[in-house]
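Enquirer: Have a peek at start-v5.cif (mmCIF, C-alpha atoms).
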data_query
loop_
_atom_site.label_atom_id
_atom_site.label_comp_id
_atom_site.auth_asym_id
_atom_site.auth_seq_id
_atom_site.Cartn_x
_atom_site.Cartn_y
_atom_site.Cartn_z
CA MET O 16 -67.38 88.89 -13.65
CA ARG O 17 -63.79 89.28 -12.51
CA GLU O 18 -63.66 89.62 -8.78
CA PHE O 19 -60.83 90.58 -6.45
CA ILE O 20 -60.67 90.39 -2.66
CA LEU O 21 -57.98 92.44 -0.90
CA TYR O 22 -57.25 91.72 2.75
CA ALA O 23 -56.15 95.13 4.08
CA ARG O 24 -54.91 94.50 7.59
CA LYS O 25 -54.39 98.12 8.62
CA ALA O 26 -56.94 99.98 6.49
CA VAL O 27 -58.92 102.20 8.84
CA THR O 28 -62.65 101.65 9.31
CA SER O 29 -63.85 105.19 9.96
CA GLN O 30 -63.78 108.49 8.12
CA ASP O 31 -61.17 109.82 10.58
CA PHE O 32 -58.12 109.72 8.44
CA ALA O 33 -56.22 112.45 6.60
CA LEU O 34 -56.30 112.51 2.80
CA ASP O 35 -52.84 114.09 3.07
CA ASP O 36 -51.50 111.03 4.85
CA LEU O 37 -53.04 107.93 3.34
CA PRO O 38 -50.10 105.64 4.22
CA GLY O 39 -50.02 106.62 7.92
CA SER O 40 -53.38 107.85 9.18
CA GLY O 41 -55.27 105.82 6.57
CA GLY O 42 -53.51 102.55 7.42
CA ARG O 43 -52.03 102.15 3.93
CA MET O 44 -55.13 103.53 2.27
CA ASP O 45 -52.77 104.46 -0.60
CA LEU O 46 -52.23 100.75 -1.25
CA VAL O 47 -56.00 100.15 -1.12
CA ALA O 48 -56.61 102.98 -3.60
CA ARG O 49 -53.97 101.66 -6.02
CA CYS O 50 -55.61 98.23 -5.93
CA VAL O 51 -59.04 99.73 -6.63
CA CYS O 52 -57.55 101.75 -9.50
CA ASN O 53 -55.94 98.74 -11.16
CA ALA O 54 -58.95 96.49 -10.57
CA LEU O 55 -61.39 98.86 -12.25
CA TRP O 56 -59.66 101.38 -14.51
CA ILE O 57 -58.27 101.16 -18.00
CA SER O 58 -57.51 104.10 -20.27
CA HIS O 59 -60.50 106.46 -20.44
CA ALA O 60 -62.86 103.78 -19.13
CA LEU O 61 -63.91 101.53 -16.28
CA ARG O 62 -63.90 97.76 -16.48
CA ARG O 63 -67.60 97.09 -16.26
CA ASP O 64 -67.04 93.37 -15.77
CA SER O 65 -64.92 93.77 -12.62
CA CYS O 66 -65.31 94.41 -8.93
CA ILE O 67 -63.05 94.50 -5.89
CA HIS O 68 -63.88 93.89 -2.25
CA VAL O 69 -61.56 95.53 0.28
CA VAL O 70 -61.66 93.85 3.68
CA ALA O 71 -60.63 96.70 5.99
CA CYS O 72 -59.27 95.35 9.27
CA GLY O 73 -57.88 98.52 10.88
CA SER O 74 -59.27 100.51 13.80
CA PRO O 75 -61.71 101.60 15.09
CA LYS O 76 -64.46 99.14 14.11
CA PRO O 77 -63.15 96.27 11.99
CA PRO O 78 -63.98 94.37 9.94
CA LEU O 79 -65.70 96.18 7.11
CA VAL O 80 -66.04 95.07 3.52
CA ILE O 81 -65.93 97.99 1.07
CA SER O 82 -66.89 96.81 -2.42
CA PHE O 83 -66.35 98.73 -5.66
CA TYR O 84 -68.28 97.79 -8.80
CA GLY O 85 -66.99 98.90 -12.20
CA ASP O 86 -70.42 98.81 -13.80
CA ALA O 87 -71.96 101.24 -11.34
CA LEU O 88 -69.17 103.54 -10.13
CA ARG O 89 -69.78 107.26 -10.68
CA ASP O 90 -67.75 110.48 -10.24
CA VAL O 91 -64.54 108.78 -9.10
CA SER O 92 -61.15 109.43 -10.69
CA PRO O 93 -58.31 106.90 -10.74
CA ASP O 94 -55.95 108.94 -8.53
CA GLU O 95 -55.34 107.76 -4.98
CA ARG O 96 -56.81 110.86 -3.37
CA SER O 97 -60.08 110.63 -5.29
CA ILE O 98 -60.58 106.96 -4.46
CA ALA O 99 -59.61 107.46 -0.80
CA GLY O 100 -61.81 110.55 -0.64
CA TRP O 101 -64.77 108.47 -1.72
CA ILE O 102 -63.97 105.82 0.89
CA GLN O 103 -63.98 108.61 3.46
CA LYS O 104 -67.30 110.03 2.24
CA VAL O 105 -68.98 106.64 2.24
CA LEU O 106 -67.58 105.62 5.65
CA GLY O 107 -68.76 108.96 7.06
CA GLN O 108 -72.17 108.41 5.42
CA LYS O 109 -71.85 111.85 3.86
CA ARG O 110 -72.50 110.63 0.35
CA THR O 111 -73.45 107.47 -1.43
CA ASN O 112 -72.17 106.12 -4.72
CA PRO O 113 -74.04 103.41 -6.63
CA GLY O 114 -70.71 101.67 -7.25
CA ILE O 115 -69.51 101.56 -3.63
CA ARG O 116 -71.06 99.43 -0.90
CA VAL O 117 -69.95 99.13 2.74
CA ARG O 118 -70.92 96.21 4.95
CA GLU O 119 -70.05 95.03 8.44
CA LEU O 120 -68.72 91.72 7.30
CA SER O 121 -65.58 89.71 7.99
CA PHE O 122 -63.14 88.20 5.50
CA GLN O 123 -64.49 84.74 6.31
CA GLY O 124 -68.07 85.96 6.00
CA LEU O 125 -67.27 87.35 2.56
CA ILE O 126 -65.58 84.12 1.45
CA GLN O 127 -68.60 82.11 2.61
CA GLU O 128 -70.93 84.44 0.74
CA ARG O 129 -68.94 84.20 -2.49
CA ALA O 130 -68.61 80.40 -2.11
CA ALA O 131 -72.38 80.10 -1.65
CA ASP O 132 -72.69 81.86 -5.02
CA GLY O 133 -70.51 79.14 -6.55
CA ALA O 134 -67.21 81.04 -6.63
CA PHE O 135 -63.90 79.37 -7.43
CA PHE O 136 -61.04 81.03 -5.56
CA TYR O 137 -57.49 81.71 -6.70
CA LEU O 138 -55.20 82.40 -3.77
CA LEU O 139 -52.12 84.40 -4.70
CA HIS O 140 -49.30 82.59 -3.03
CA GLU O 141 -45.54 82.61 -3.53
CA ARG O 142 -45.48 78.82 -3.57
CA GLY O 143 -48.49 78.52 -5.87
CA ARG O 144 -48.55 77.16 -9.43
CA ALA O 145 -47.05 79.47 -12.04
CA LEU O 146 -49.73 81.79 -13.40
CA GLY O 147 -48.65 81.15 -17.00
CA GLU O 148 -49.35 77.43 -16.61
CA VAL O 149 -52.72 77.60 -14.87
CA PRO O 150 -55.91 77.69 -16.91
CA LEU O 151 -57.82 80.63 -15.44
CA ARG O 152 -61.58 80.64 -15.08
CA ALA O 153 -62.90 83.93 -16.38
CA ASP O 154 -65.38 84.35 -13.53
CA ALA O 155 -62.95 83.55 -10.73
CA VAL O 156 -62.42 85.31 -7.41
CA PHE O 157 -58.79 86.29 -6.78
CA VAL O 158 -57.73 86.63 -3.14
CA LEU O 159 -54.78 88.89 -2.31
CA GLY O 160 -53.02 89.99 0.84
CA ASP O 161 -51.64 93.49 1.42
CA HIS O 162 -48.00 94.42 2.17
CA LEU O 163 -48.21 92.20 5.27
CA GLY O 164 -49.67 89.23 3.42
CA LEU O 165 -52.77 87.16 4.07
CA PRO O 166 -52.88 85.79 7.64
CA ARG O 167 -52.38 82.02 7.77
CA ASN O 168 -55.76 81.34 9.40
CA GLU O 169 -57.57 83.29 6.66
CA GLU O 170 -55.62 81.38 4.03
CA ARG O 171 -56.63 78.10 5.65
CA PHE O 172 -60.25 79.24 5.63
CA VAL O 173 -60.21 79.82 1.87
CA GLU O 174 -58.64 76.37 1.43
CA ARG O 175 -61.87 74.79 2.68
CA PHE O 176 -63.57 75.84 -0.55
CA GLU O 177 -62.91 75.15 -4.23
CA HIS O 178 -59.60 76.87 -4.91
CA ASP O 179 -56.17 76.86 -6.49
CA LYS O 180 -52.96 78.58 -5.42
CA ILE O 181 -51.22 80.60 -8.07
CA SER O 182 -47.98 82.54 -8.18
CA VAL O 183 -47.18 85.52 -10.39
CA GLY O 184 -43.49 84.61 -10.34
CA SER O 185 -40.35 84.97 -8.29
CA VAL O 186 -40.66 88.76 -7.95
CA SER O 187 -42.70 90.06 -5.01
CA TYR O 188 -44.93 92.56 -6.72
CA LEU O 189 -47.09 95.15 -5.02
CA ALA O 190 -50.68 93.92 -4.54
CA SER O 191 -51.85 96.55 -7.04
CA GLN O 192 -49.35 95.27 -9.60
CA CYS O 193 -50.58 91.69 -9.07
CA ILE O 194 -54.06 92.87 -10.00
CA THR O 195 -52.76 94.41 -13.24
CA ILE O 196 -50.90 91.20 -14.08
CA LEU O 197 -54.00 89.09 -13.46
CA HIS O 198 -56.13 91.33 -15.69
CA TYR O 199 -53.42 91.19 -18.37
CA GLU O 200 -53.32 87.37 -18.32
CA LEU O 201 -57.13 87.18 -18.41
CA ASP O 202 -57.31 89.73 -21.26
CA ARG O 203 -54.64 87.89 -23.22
CA ARG O 204 -56.47 84.58 -22.94
CA ALA O 205 -59.84 86.10 -23.78
CA ARG O 206 -58.63 87.22 -27.19
CA MET F 136 -30.77 98.43 -17.04
CA ARG F 137 -34.49 98.66 -17.78
CA GLU F 138 -35.38 102.13 -18.91
CA PHE F 139 -38.74 103.81 -19.45
CA ILE F 140 -39.52 107.14 -21.08
CA LEU F 141 -42.93 108.70 -20.38
CA TYR F 142 -44.08 111.57 -22.55
CA ALA F 143 -46.26 113.62 -20.16
CA ARG F 144 -47.90 116.25 -22.29
CA LYS F 145 -49.52 118.23 -19.49
CA ALA F 146 -47.20 117.61 -16.52
CA VAL F 147 -46.34 120.99 -15.05
CA THR F 148 -42.75 122.21 -15.08
CA SER F 149 -42.64 124.28 -11.90
CA GLN F 150 -43.26 123.69 -8.21
CA ASP F 151 -46.50 125.68 -8.42
CA PHE F 152 -49.01 122.88 -8.23
CA ALA F 153 -51.19 121.62 -5.41
CA LEU F 154 -50.45 118.22 -3.89
CA ASP F 155 -54.19 118.08 -3.16
CA ASP F 156 -54.98 118.33 -6.87
CA LEU F 157 -52.42 116.34 -8.84
CA PRO F 158 -54.78 115.61 -11.76
CA GLY F 159 -55.77 119.26 -12.28
CA SER F 160 -53.12 121.70 -11.07
CA GLY F 161 -50.33 119.15 -11.57
CA GLY F 162 -51.28 118.39 -15.17
CA ARG F 163 -51.99 114.71 -14.48
CA MET F 164 -49.09 114.47 -12.04
CA ASP F 165 -51.08 111.56 -10.51
CA LEU F 166 -50.49 109.61 -13.73
CA VAL F 167 -46.79 110.52 -13.65
CA ALA F 168 -46.49 109.36 -10.03
CA ARG F 169 -48.21 106.04 -10.78
CA CYS F 170 -45.79 105.42 -13.62
CA VAL F 171 -42.80 106.17 -11.38
CA CYS F 172 -44.23 103.85 -8.72
CA ASN F 173 -44.66 100.94 -11.12
CA ALA F 174 -41.34 101.52 -12.83
CA LEU F 175 -39.33 101.42 -9.60
CA TRP F 176 -41.23 99.75 -6.77
CA ILE F 177 -41.88 96.15 -5.89
CA SER F 178 -42.96 94.85 -2.49
CA HIS F 179 -40.73 96.25 0.25
CA ALA F 180 -38.00 97.19 -2.24
CA LEU F 181 -36.93 99.30 -5.18
CA ARG F 182 -35.92 97.89 -8.55
CA ARG F 183 -32.25 98.84 -8.56
CA ASP F 184 -31.90 97.91 -12.24
CA SER F 185 -34.58 100.34 -13.45
CA CYS F 186 -35.07 104.00 -14.20
CA ILE F 187 -37.76 106.19 -15.68
CA HIS F 188 -37.47 109.50 -17.48
CA VAL F 189 -40.55 111.73 -17.38
CA VAL F 190 -40.63 114.29 -20.18
CA ALA F 191 -42.76 117.04 -18.66
CA CYS F 192 -44.29 119.21 -21.37
CA GLY F 193 -46.72 121.35 -19.36
CA SER F 194 -46.46 125.02 -18.43
CA PRO F 195 -44.64 127.20 -17.50
CA LYS F 196 -41.22 126.24 -18.89
CA PRO F 197 -41.33 123.01 -20.91
CA PRO F 198 -39.70 120.74 -21.70
CA LEU F 199 -38.02 119.23 -18.66
CA VAL F 200 -36.77 115.69 -18.23
CA ILE F 201 -37.20 114.40 -14.67
CA SER F 202 -35.34 111.11 -14.23
CA PHE F 203 -35.78 108.66 -11.35
CA TYR F 204 -33.14 106.00 -10.66
CA GLY F 205 -34.04 102.96 -8.57
CA ASP F 206 -30.48 102.38 -7.43
CA ALA F 207 -30.11 105.82 -5.89
CA LEU F 208 -33.58 106.93 -4.77
CA ARG F 209 -33.88 107.81 -1.07
CA ASP F 210 -36.71 108.74 1.31
CA VAL F 211 -39.51 108.38 -1.24
CA SER F 212 -42.61 106.25 -0.65
CA PRO F 213 -44.63 104.63 -3.43
CA ASP F 214 -47.79 106.68 -2.86
CA GLU F 215 -48.71 109.35 -5.40
CA ARG F 216 -48.43 112.22 -2.92
CA SER F 217 -44.92 111.26 -1.81
CA ILE F 218 -43.63 110.94 -5.37
CA ALA F 219 -45.34 114.16 -6.49
CA GLY F 220 -44.09 115.92 -3.35
CA TRP F 221 -40.53 115.01 -4.31
CA ILE F 222 -41.08 116.29 -7.84
CA GLN F 223 -42.27 119.55 -6.29
CA LYS F 224 -39.25 119.80 -3.96
CA VAL F 225 -36.78 119.10 -6.72
CA LEU F 226 -38.46 121.50 -9.19
CA GLY F 227 -38.44 124.19 -6.51
CA GLN F 228 -34.78 123.42 -5.76
CA LYS F 229 -35.73 123.05 -2.12
CA ARG F 230 -34.14 119.65 -1.76
CA THR F 231 -32.08 117.25 -3.77
CA ASN F 232 -32.37 113.48 -3.97
CA PRO F 233 -29.55 111.34 -5.36
CA GLY F 234 -32.15 109.32 -7.29
CA ILE F 235 -33.89 112.26 -9.00
CA ARG F 236 -32.37 114.45 -11.69
CA VAL F 237 -33.99 117.35 -13.56
CA ARG F 238 -32.71 118.65 -16.86
CA GLU F 239 -33.83 121.20 -19.43
CA LEU F 240 -34.02 118.72 -22.24
CA SER F 241 -36.61 117.85 -24.88
CA PHE F 242 -38.07 114.45 -25.74
CA GLN F 243 -36.04 114.41 -28.94
CA GLY F 244 -32.89 115.47 -27.06
CA LEU F 245 -33.41 112.60 -24.64
CA ILE F 246 -33.97 110.09 -27.46
CA GLN F 247 -30.79 111.28 -29.17
CA GLU F 248 -28.85 110.95 -25.94
CA ARG F 249 -30.07 107.43 -25.29
CA ALA F 250 -29.46 106.44 -28.94
CA ALA F 251 -25.90 107.76 -28.69
CA ASP F 252 -25.47 105.36 -25.76
CA GLY F 253 -26.54 102.49 -28.04
CA ALA F 254 -30.14 102.18 -26.87
CA PHE F 255 -32.70 100.04 -28.67
CA PHE F 256 -36.19 101.53 -28.40
CA TYR F 257 -39.53 99.79 -27.98
CA LEU F 258 -42.40 102.06 -28.88
CA LEU F 259 -45.67 101.05 -27.24
CA HIS F 260 -48.16 101.23 -30.03
CA GLU F 261 -51.63 99.80 -30.52
CA ARG F 262 -50.69 98.51 -33.97
CA GLY F 263 -47.36 97.11 -32.79
CA ARG F 264 -46.31 93.46 -32.65
CA ALA F 265 -47.87 91.44 -29.83
CA LEU F 266 -45.68 91.69 -26.73
CA GLY F 267 -45.90 87.94 -26.13
CA GLU F 268 -44.33 87.23 -29.53
CA VAL F 269 -41.50 89.76 -29.43
CA PRO F 270 -38.10 88.77 -28.00
CA LEU F 271 -37.33 91.58 -25.56
CA ARG F 272 -33.84 92.92 -25.03
CA ALA F 273 -33.22 93.16 -21.30
CA ASP F 274 -31.52 96.55 -21.56
CA ALA F 275 -34.11 98.17 -23.80
CA VAL F 276 -35.68 101.61 -23.56
CA PHE F 277 -39.48 101.56 -23.57
CA VAL F 278 -41.24 104.68 -24.83
CA LEU F 279 -44.76 105.40 -23.62
CA GLY F 280 -47.29 108.16 -24.13
CA ASP F 281 -49.61 109.47 -21.44
CA HIS F 282 -53.44 109.50 -21.54
CA LEU F 283 -53.23 111.64 -24.69
CA GLY F 284 -50.73 109.36 -26.43
CA LEU F 285 -47.36 110.11 -27.99
CA PRO F 286 -47.55 112.92 -30.59
CA ARG F 287 -47.06 111.65 -34.14
CA ASN F 288 -43.96 113.80 -34.76
CA GLU F 289 -42.26 112.43 -31.63
CA GLU F 290 -43.14 108.90 -32.71
CA ARG F 291 -41.61 109.55 -36.12
CA PHE F 292 -38.48 110.86 -34.44
CA VAL F 293 -37.99 107.63 -32.49
CA GLU F 294 -38.51 105.70 -35.73
CA ARG F 295 -35.24 107.14 -37.06
CA PHE F 296 -33.32 105.01 -34.57
CA GLU F 297 -33.13 101.27 -33.90
CA HIS F 298 -36.59 100.37 -32.67
CA ASP F 299 -39.52 98.03 -32.69
CA LYS F 300 -43.23 98.72 -32.11
CA ILE F 301 -44.94 96.52 -29.58
CA SER F 302 -48.49 96.21 -28.35
CA VAL F 303 -49.63 94.96 -24.96
CA GLY F 304 -52.89 93.72 -26.47
CA SER F 305 -56.32 94.90 -27.48
CA VAL F 306 -57.10 96.52 -24.14
CA SER F 307 -56.04 100.16 -23.71
CA TYR F 308 -54.27 100.02 -20.37
CA LEU F 309 -53.21 102.99 -18.28
CA ALA F 310 -49.57 103.96 -18.94
CA SER F 311 -48.70 102.87 -15.39
CA GLN F 312 -50.29 99.47 -16.04
CA CYS F 313 -48.28 99.09 -19.26
CA ILE F 314 -45.10 99.55 -17.21
CA THR F 315 -46.17 96.78 -14.81
CA ILE F 316 -46.94 94.47 -17.73
CA LEU F 317 -43.54 95.16 -19.33
CA HIS F 318 -41.72 94.43 -16.06
CA TYR F 319 -43.77 91.24 -15.67
CA GLU F 320 -42.86 90.02 -19.16
CA LEU F 321 -39.18 90.86 -18.61
CA ASP F 322 -39.17 89.18 -15.18
CA ARG F 323 -40.88 86.10 -16.59
CA ARG F 324 -38.32 85.72 -19.36
CA ALA F 325 -35.36 86.36 -17.05
CA ARG F 326 -36.24 83.30 -14.93
#
Would you mind writing the file's structure down as structure tokens?
Expert:
Amino acid sequence: MREFILYARKAVTSQDFALDDLPGSGGRMDLVARCVCNALWISHALRRDSCIHVVACGSPKPPLVISFYGDALRDVSPDERSIAGWIQKVLGQKRTNPGIRVRELSFQGLIQERAADGAFFYLLHERGRALGEVPLRADAVFVLGDHLGLPRNEERFVERFEHDKISVGSVSYLASQCITILHYELDRRAR
Amino acid sequence: MREFILYARKAVTSQDFALDDLPGSGGRMDLVARCVCNALWISHALRRDSCIHVVACGSPKPPLVISFYGDALRDVSPDERSIAGWIQKVLGQKRTNPGIRVRELSFQGLIQERAADGAFFYLLHERGRALGEVPLRADAVFVLGDHLGLPRNEERFVERFEHDKISVGSVSYLASQCITILHYELDRRAR
């Protein structure tokens, strides 16, 4: 299983956001949706071996962990509005989706949970080892920050567990692009 | 200059589409917007050395070439709705943007124009040479199909000019993900 954790500092934690304004009222829910898209979608299919946990830390009731599972997701399209619309439905408890799960859980709680399951973490970090030179474990958990980055105290928390710091290069990519690059490197090595 | 050409078979060619339904009424305008985002955006910045030409072939008056230039784009955000909203404004001649240009031009007309400027084309193709093994020209023009692929006759047209066929691997990525992977490989080699 390929697993991604996105720390979304501003992502709102209630259904009260406008689908017409994902960046503003959604607290960069557009960024969240793009990450979910790239974590789970390929052409005409879902990656059934992948999941992504979004740690939403915005108002009004943070933190929440919203997890998306490629092997169980139903009726969602890869466009930002469809993904954000599903987040809204699930947060408002209007509908359920077997591939989406919401929990009142913190970033550190999630890291502890994954570590207890034996996870090895890769922290994306601009001063990390070059991705091309790091042997990647296929079942790793990749930890990414949003446009504001991962807070230092959360980074230090991950460092308590089995981990490595990796860098995708000298360009600062969007978080969603980092996910694509990680999949690409994993796919390439799996051949 | 890094240049991308996206053949968008269904992308509508008038302002008459709903921003709330980019996949349907926009003719997969969500896909177009994701490609523009990944061609031009990185974290907190635009790629000033990149541009993307979208060949819109949907109703009512195809074909149109909508070009986006990273060095001139203003007031656009990387979310799908913002990019699609700008396409709508420009198609409706309601606003202009120095980084967006619309022309009544066909795919073949565009290829001829770029070839006349000395372009070397890379056709993304599932039976192409492995991307990792191909030396990439930094100023190349990458030609991509949408979710329906590049029509065979358009592919044959590109083959008349200086070109190579490349493959990003055995996974069928979204067109927008292919763009990210191409940038990543070019960035990696430019180091």
Enquirer: For chain O against chain F, which residues fall within 9 Å using all atoms listed in the file, given as a ChimeraX atom specification?
Expert: /O:34-38,45-46,49,53,56-60,92-96,162,183-190,192-193,195-196,199,202-203,206
Enquirer: Compute the distance from (-34.2, 107.6, -29.2) to each atom, counting all atoms listed in the file, keep the residues with any atom at most 8 Å away, and return them as a count of residues only; use the coordinates of the file.
Expert: 15
Enquirer: So how many Å separate atom CA of O:Ala131 and atom CA of O:Ser29, to one decimal?
Expert: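 So the answer is 28.9 Å.
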Enquirer: Counting all atoms listed in the file, what is within 10 Å of O:Phe157, bar same-chain residues fewer than 5 positions away, as number ranges by chain?
Expert: O: 17-21, 67, 134-139, 178-181, 194, 197
Enquirer: Measuring between only C-alpha atoms, which one of F:Val237, F:Val167, F:Leu175, F:Met136 shows the shortest distance to F:Pro198?
Expert: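 Under the stated criterion, the closest residue is F:Val237.
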Enquirer: Between atom CA of F:Gly205 and atom CA of O:Gly41, measure the distance and give it in Å to one decimal.
Expert: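 Answer for the atom CA of F:Gly205 to atom CA of O:Gly41 separation: 26.2 Å.
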Enquirer: Give as a PyMOL selection string the set of residues within 6 Å of the point (-32.3, 112.4, -12.4), where distances use the file's coordinates and only C-alpha atoms.
Expert: chain F and resi 201-203+234-237
Enquirer: Measuring between all atoms listed in the file, which one of F:Val276, F:Arg287, F:Phe152, F:Ala146 shows the shortest distance to F:Gly227?
Expert: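 Of F:Val276, F:Arg287, F:Phe152, F:Ala146, the one nearest F:Gly227 is F:Phe152, counting all atoms listed in the file.
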Enquirer: Between atom CA of O:Asn168 and atom CA of O:Ser121, what is the spacing in Å?
Expert: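 About the pair atom CA of O:Ser121 and atom CA of O:Asn168: they are 13.0 Å apart.
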Enquirer: Counting all atoms listed in the file, figure out which residue out of O:Thr28, O:Val70, O:Asn112, O:Asp64 gets nearest to O:Val158.
Expert: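 Distance minimum relative to O:Val158 lands on O:Val70.
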Enquirer: Starting from 5 Å padding per side, set up an axis-aligned box that covers all listed atoms of stretch 200-204 of chain F and hand over centre and edge lengths in Å, one decimal, as JSON.
Expert:
{"center_x": -35.2, "center_y": 110.8, "center_z": -14.4, "size_x": 14.1, "size_y": 19.7, "size_z": 17.6}
Enquirer: Which of these, F:Pro270, F:Ala191, F:Arg324, F:Gly253, has the shortest distance to F:Ile222 once you count only C-alpha atoms?
Expert: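 So, comparing all the options, the nearest one is F:Ala191.
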Enquirer: Given only C-alpha atoms as the basis, pick out the residue of F:Val171, F:Gly263, F:Leu279, F:Leu240 nearest to F:Trp221.
Expert: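 Comparing F:Val171, F:Gly263, F:Leu279, F:Leu240 against F:Trp221, the winner is F:Val171.
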Enquirer: For O:Lys25, list every protein, DNA or RNA residue within 6 Å, evaluated using all atoms listed in the file, and leave out those in the same chain fewer than 4 positions away; present the list as a PyMOL selection string.
Expert: chain O and resi 42+72-73
Enquirer: Evaluated on this file, the PyMOL selection byres ((chain O and resi 87) around 8) picks out some residues - which ones are they, written as JSON, numbers by chain?
Expert: {"O": [63, 84, 85, 86, 88, 89, 113, 114]}
Enquirer: Please fill the gaps in stretch 162-182 of chain O so it has N, CA and C atoms, and write that as an mmCIF file, in the coordinates of the input.
Expert:
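selection_21.cif was written with the following content:
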data_model
loop_
_atom_site.group_PDB
_atom_site.id
_atom_site.type_symbol
_atom_site.label_atom_id
_atom_site.label_comp_id
_atom_site.auth_asym_id
_atom_site.auth_seq_id
_atom_site.Cartn_x
_atom_site.Cartn_y
_atom_site.Cartn_z
ATOM 1 N N HIS O 162 -49.460 94.450 1.985
ATOM 2 C CA HIS O 162 -48.000 94.420 2.170
ATOM 3 C C HIS O 162 -47.579 93.485 3.293
ATOM 4 N N LEU O 163 -48.517 93.113 4.162
ATOM 5 C CA LEU O 163 -48.210 92.200 5.270
ATOM 6 C C LEU O 163 -48.621 90.775 4.952
ATOM 7 N N GLY O 164 -49.261 90.576 3.817
ATOM 8 C CA GLY O 164 -49.670 89.230 3.420
ATOM 9 C C GLY O 164 -50.989 88.814 4.046
ATOM 10 N N LEU O 165 -51.506 87.701 3.552
ATOM 11 C CA LEU O 165 -52.770 87.160 4.070
ATOM 12 C C LEU O 165 -52.459 86.322 5.318
ATOM 13 N N PRO O 166 -53.157 86.596 6.446
ATOM 14 C CA PRO O 166 -52.880 85.790 7.640
ATOM 15 C C PRO O 166 -53.126 84.302 7.370
ATOM 16 N N ARG O 167 -52.342 83.465 8.019
ATOM 17 C CA ARG O 167 -52.380 82.020 7.770
ATOM 18 C C ARG O 167 -53.770 81.437 8.050
ATOM 19 N N ASN O 168 -54.437 81.908 9.096
ATOM 20 C CA ASN O 168 -55.760 81.340 9.400
ATOM 21 C C ASN O 168 -56.801 81.714 8.343
ATOM 22 N N GLU O 169 -56.630 82.888 7.721
ATOM 23 C CA GLU O 169 -57.570 83.290 6.660
ATOM 24 C C GLU O 169 -57.282 82.458 5.401
ATOM 25 N N GLU O 170 -56.009 82.216 5.170
ATOM 26 C CA GLU O 170 -55.620 81.380 4.030
ATOM 27 C C GLU O 170 -56.217 79.981 4.192
ATOM 28 N N ARG O 171 -56.077 79.453 5.394
ATOM 29 C CA ARG O 171 -56.630 78.100 5.650
ATOM 30 C C ARG O 171 -58.133 78.076 5.458
ATOM 31 N N PHE O 172 -58.799 79.185 5.799
ATOM 32 C CA PHE O 172 -60.250 79.240 5.630
ATOM 33 C C PHE O 172 -60.627 79.146 4.152
ATOM 34 N N VAL O 173 -59.917 79.862 3.312
ATOM 35 C CA VAL O 173 -60.210 79.820 1.870
ATOM 36 C C VAL O 173 -59.982 78.403 1.340
ATOM 37 N N GLU O 174 -58.991 77.719 1.897
ATOM 38 C CA GLU O 174 -58.640 76.370 1.430
ATOM 39 C C GLU O 174 -59.765 75.353 1.639
ATOM 40 N N ARG O 175 -60.735 75.705 2.484
ATOM 41 C CA ARG O 175 -61.870 74.790 2.680
ATOM 42 C C ARG O 175 -62.776 74.722 1.452
ATOM 43 N N PHE O 176 -62.671 75.752 0.597
ATOM 44 C CA PHE O 176 -63.570 75.840 -0.550
ATOM 45 C C PHE O 176 -62.816 75.506 -1.836
ATOM 46 N N GLU O 177 -63.526 75.438 -2.929
ATOM 47 C CA GLU O 177 -62.910 75.150 -4.230
ATOM 48 C C GLU O 177 -61.890 76.245 -4.544
ATOM 49 N N HIS O 178 -60.623 75.847 -4.709
ATOM 50 C CA HIS O 178 -59.600 76.870 -4.910
ATOM 51 C C HIS O 178 -58.366 76.311 -5.609
ATOM 52 N N ASP O 179 -57.491 77.222 -5.992
ATOM 53 C CA ASP O 179 -56.170 76.860 -6.490
ATOM 54 C C ASP O 179 -55.222 77.944 -5.980
ATOM 55 N N LYS O 180 -53.942 77.572 -5.811
ATOM 56 C CA LYS O 180 -52.960 78.580 -5.420
ATOM 57 C C LYS O 180 -52.121 78.904 -6.626
ATOM 58 N N ILE O 181 -52.000 80.194 -6.909
ATOM 59 C CA ILE O 181 -51.220 80.600 -8.070
ATOM 60 C C ILE O 181 -50.160 81.616 -7.656
ATOM 61 N N SER O 182 -49.080 81.622 -8.434
ATOM 62 C CA SER O 182 -47.980 82.540 -8.180
ATOM 63 C C SER O 182 -47.728 83.365 -9.424
#
